[in-house]
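So the structure is just underneath, and the comments pick up after that.
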Amino acid sequence: MFADNSQAEVGEMMITILMGTYNGAKFIAEQIESILSQTEKDWKLIISDDCSTDATASIVSKYAEAYQDKMTFIVRDKPSGSAKNNFIHMLSLYESEYIMTCDQDDVWLPTKIELTMKKMREMEDKFGKEKPLLVHTDLKIVDANLKVMADSMFEYQNLDSGCSALNNLIVQNIVTGCTMMINRCLLDWIRDVPEESIMHDWWLAITASAFGHIGFVKEPTVLYRQHSNNEVGAKSAKSLSYNLQRLMELRKSELTLRKTYEQAKAFLDIYEQNLSVEQSVMIKAYTSLTTYGKLKRIYLINKYDFWKIGFARRCGQIFFI
């Protein structure tokens, strides 16, 4: 176990798995067991607890003691403020060849690491290790008792794994953090993650798309548990109730859209010197949408294909752009 001001050594482990926890006692053991049961064994699990008030720390401590060669437990001195901040802190500590991020309440299917690593190797063969690379996968949506609600989150949420170009990702994220693996090169690009970033996985996806490549594994590798304490959950984007709710929650849609402008502006501020002229012009067009009249905004959205996926999502864009 390490205090927050300690930096654990990963050693020669090729893959570091980062898990942020907060009051996750109900499901944490099941998630850890699913990682221990992986077919790929070359990994180390780092767990950072965000000042839980339940039995999470006690449960994790017992596992860390039993599996000292595979697990490190970090106890934070004070709350980070969010799951995003907890993950960003962990990302700054470790320099493994590959990093995976992990939620506390899911279950990893046995071949998750193996399949993800296989895709990463394929991308390295194609693009080279010196390129920032990110791999993500589909998920199965399950209830609190692991009963399958949907075999594919991408179908369930009406997402398109092909929408991973920079102009797509600055508008809408398709990468789920608990399925993600990044390589060392991408990790080196994201040391400075600003407050304007909406979530760590979204920021990583934008960075990978801008300077490297994103790969997708169609096979689900995670049982994505839905329960009352989810910080981020999955909703069926094809259901009438979901689309009606989105149309009714117009204020929420407006705030979400404006956060994407702020995130894109922060990305431009940090990386403008590294972007191509075309990328820079495109991001500037997105961040300046609100300065134009309605017709010019729609023209720019069409020109750069800033459209979100799905009828309800696009209605929200049209209403608030």
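A note on labels: chains of the structure tokens are A, B, ... as shown, every chain counts residues from 1, and ligands are counted from 1 in their shown order.
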I'd like a table as a Markdown table: residues in range 84-110 of chain A with an atom no more than 9 Å from range 156-177 of chain A, each row giving the shortest atom pair and its distance in Å to one decimal, only C-alpha atoms counted, sorted by chain and rising residue number.
```
| residue | atom | partner | partner_atom | distance |
| --- | --- | --- | --- | --- |
| A:Met100 | CA | A:Gly177 | CA | 8.3 |
| A:Thr101 | CA | A:Gly177 | CA | 6.0 |
| A:Cys102 | CA | A:Gly177 | CA | 7.0 |
| A:Asp103 | CA | A:Gly177 | CA | 8.1 |
```
Pull N, CA and C atoms from the residues just selected and write them as an mmCIF file, in the first residue's frame.
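Okay, part-v2.cif is ready:
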```cif
data_model
loop_
_atom_site.group_PDB
_atom_site.id
_atom_site.type_symbol
_atom_site.label_atom_id
_atom_site.label_comp_id
_atom_site.auth_asym_id
_atom_site.auth_seq_id
_atom_site.Cartn_x
_atom_site.Cartn_y
_atom_site.Cartn_z
ATOM 1 N N MET A 100 -3.976 0.667 -19.412
ATOM 2 C CA MET A 100 -5.407 0.429 -19.540
ATOM 3 C C MET A 100 -6.099 1.108 -18.362
ATOM 4 N N THR A 101 -7.326 1.578 -18.560
ATOM 5 C CA THR A 101 -8.095 2.173 -17.472
ATOM 6 C C THR A 101 -9.312 1.303 -17.186
ATOM 7 N N CYS A 102 -9.725 1.295 -15.927
ATOM 8 C CA CYS A 102 -10.668 0.292 -15.466
ATOM 9 C C CYS A 102 -11.637 0.889 -14.450
ATOM 10 N N ASP A 103 -12.920 0.604 -14.579
ATOM 11 C CA ASP A 103 -13.918 1.025 -13.598
ATOM 12 C C ASP A 103 -13.984 0.020 -12.454
#
```
Could you give me, as a short mmCIF file (atom, residue, chain, number, x, y, z; two decimals) with C-alpha atoms, in the first residue's frame, the residues within 12 Å of Ser288 in chain A, counting only C-alpha atoms and dropping anything in the same chain fewer than 5 positions from it?
```cif
data_model
loop_
_atom_site.label_atom_id
_atom_site.label_comp_id
_atom_site.auth_asym_id
_atom_site.auth_seq_id
_atom_site.Cartn_x
_atom_site.Cartn_y
_atom_site.Cartn_z
CA ARG A 258 -20.95 24.28 -24.78
CA THR A 260 -17.39 20.57 -26.10
CA TYR A 261 -16.52 24.07 -27.36
CA GLU A 262 -14.52 24.73 -24.17
CA ALA A 264 -11.85 21.95 -28.09
CA LYS A 265 -10.56 25.46 -27.29
CA VAL A 281 -8.53 25.68 -39.01
CA MET A 282 -11.15 23.00 -38.40
CA ILE A 283 -10.98 23.27 -34.59
CA GLY A 293 -25.57 33.50 -37.33
CA LYS A 296 -23.42 30.18 -41.12
CA ARG A 297 -23.29 27.76 -38.19
CA LEU A 300 -19.83 25.11 -41.04
CA ILE A 301 -21.27 22.01 -39.38
CA ILE A 321 -25.88 26.10 -32.37
#
```
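Residues within 7 Å of range 196-198 of chain A, counting only C-alpha atoms and excluding same-chain residues fewer than 5 positions away, are Trp203, Glu262, Gln263 and Ala266 of chain A.
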Filtering to N, CA, C and O atoms, could you give me those residues as a PDB file, in the first residue's frame?
```
ATOM      1  N   TRP A 203     -10.530  13.071 -23.697  1.00  0.00           N
ATOM      2  CA  TRP A 203      -9.304  13.821 -23.997  1.00  0.00           C
ATOM      3  C   TRP A 203      -8.259  12.924 -24.667  1.00  0.00           C
ATOM      4  O   TRP A 203      -7.602  13.325 -25.631  1.00  0.00           O
ATOM      5  N   GLU A 262     -15.573  24.389 -25.130  1.00  0.00           N
ATOM      6  CA  GLU A 262     -14.523  24.732 -24.172  1.00  0.00           C
ATOM      7  C   GLU A 262     -13.384  23.712 -24.212  1.00  0.00           C
ATOM      8  O   GLU A 262     -12.205  24.077 -24.146  1.00  0.00           O
ATOM      9  N   GLN A 263     -13.743  22.432 -24.339  1.00  0.00           N
ATOM     10  CA  GLN A 263     -12.727  21.391 -24.416  1.00  0.00           C
ATOM     11  C   GLN A 263     -11.897  21.534 -25.692  1.00  0.00           C
ATOM     12  O   GLN A 263     -10.654  21.421 -25.652  1.00  0.00           O
ATOM     13  N   ALA A 266      -9.506  24.426 -25.349  1.00  0.00           N
ATOM     14  CA  ALA A 266      -8.366  24.075 -24.502  1.00  0.00           C
ATOM     15  C   ALA A 266      -7.377  23.199 -25.267  1.00  0.00           C
ATOM     16  O   ALA A 266      -6.157  23.359 -25.134  1.00  0.00           O
TER      17      ALA A 266
END
```
Name the residues of range 44-204 of chain A that fall into strand (DSSP E or B) according to DSSP on the backbone, using the chain letters and numbers of this document, as a PyMOL selection string. chain A and resi 44-49+71-75+98-102+107-108+133-137+140-142+148-150+181-183
Rank A:Tyr22, A:Tyr224, A:Phe73, A:Phe267 by their smallest atom-to-atom distance to Ser152 in chain A, using only C-alpha atoms, and report the top residue only. A:Tyr224
Write out as an MDAnalysis selection string the residues lying within 9 Å of range 67-70 of chain A, counting only C-alpha atoms and excluding same-chain residues fewer than 5 positions away. chainID A and resid 36 43:46 62
Residues just named, written with C-alpha atoms as a PDB file, in the first residue's frame:
```pdb
ATOM      1  CA  LEU A  36      -7.018 -11.882 -12.005  1.00  0.00           C
ATOM      2  CA  TRP A  43       0.038  -6.827 -16.230  1.00  0.00           C
ATOM      3  CA  LYS A  44       0.054  -4.907 -12.977  1.00  0.00           C
ATOM      4  CA  LEU A  45      -3.074  -3.427 -11.402  1.00  0.00           C
ATOM      5  CA  ILE A  46      -2.831  -0.024  -9.720  1.00  0.00           C
ATOM      6  CA  LYS A  62      -6.633  -7.603   1.374  1.00  0.00           C
TER       7      LYS A  62
END
```
Select from range 54-291 of chain A everything DSSP, run on the backbone, classes as helix (DSSP H, G or I), then give the selection as a ChimeraX atom specification. /A:56-66,83-91,112-127,153-156,166-169,177-179,184-189,200-211,240-248,250-274,277-287,289-291
Go through A:Asp201, A:Asp50, A:Glu219, A:Asp106 and flag the residue nearest Thr137 in chain A, using only C-alpha atoms for the distances.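 Going through A:Asp201, A:Asp50, A:Glu219, A:Asp106 one by one, the smallest distance to Thr137 in chain A is for A:Glu219.
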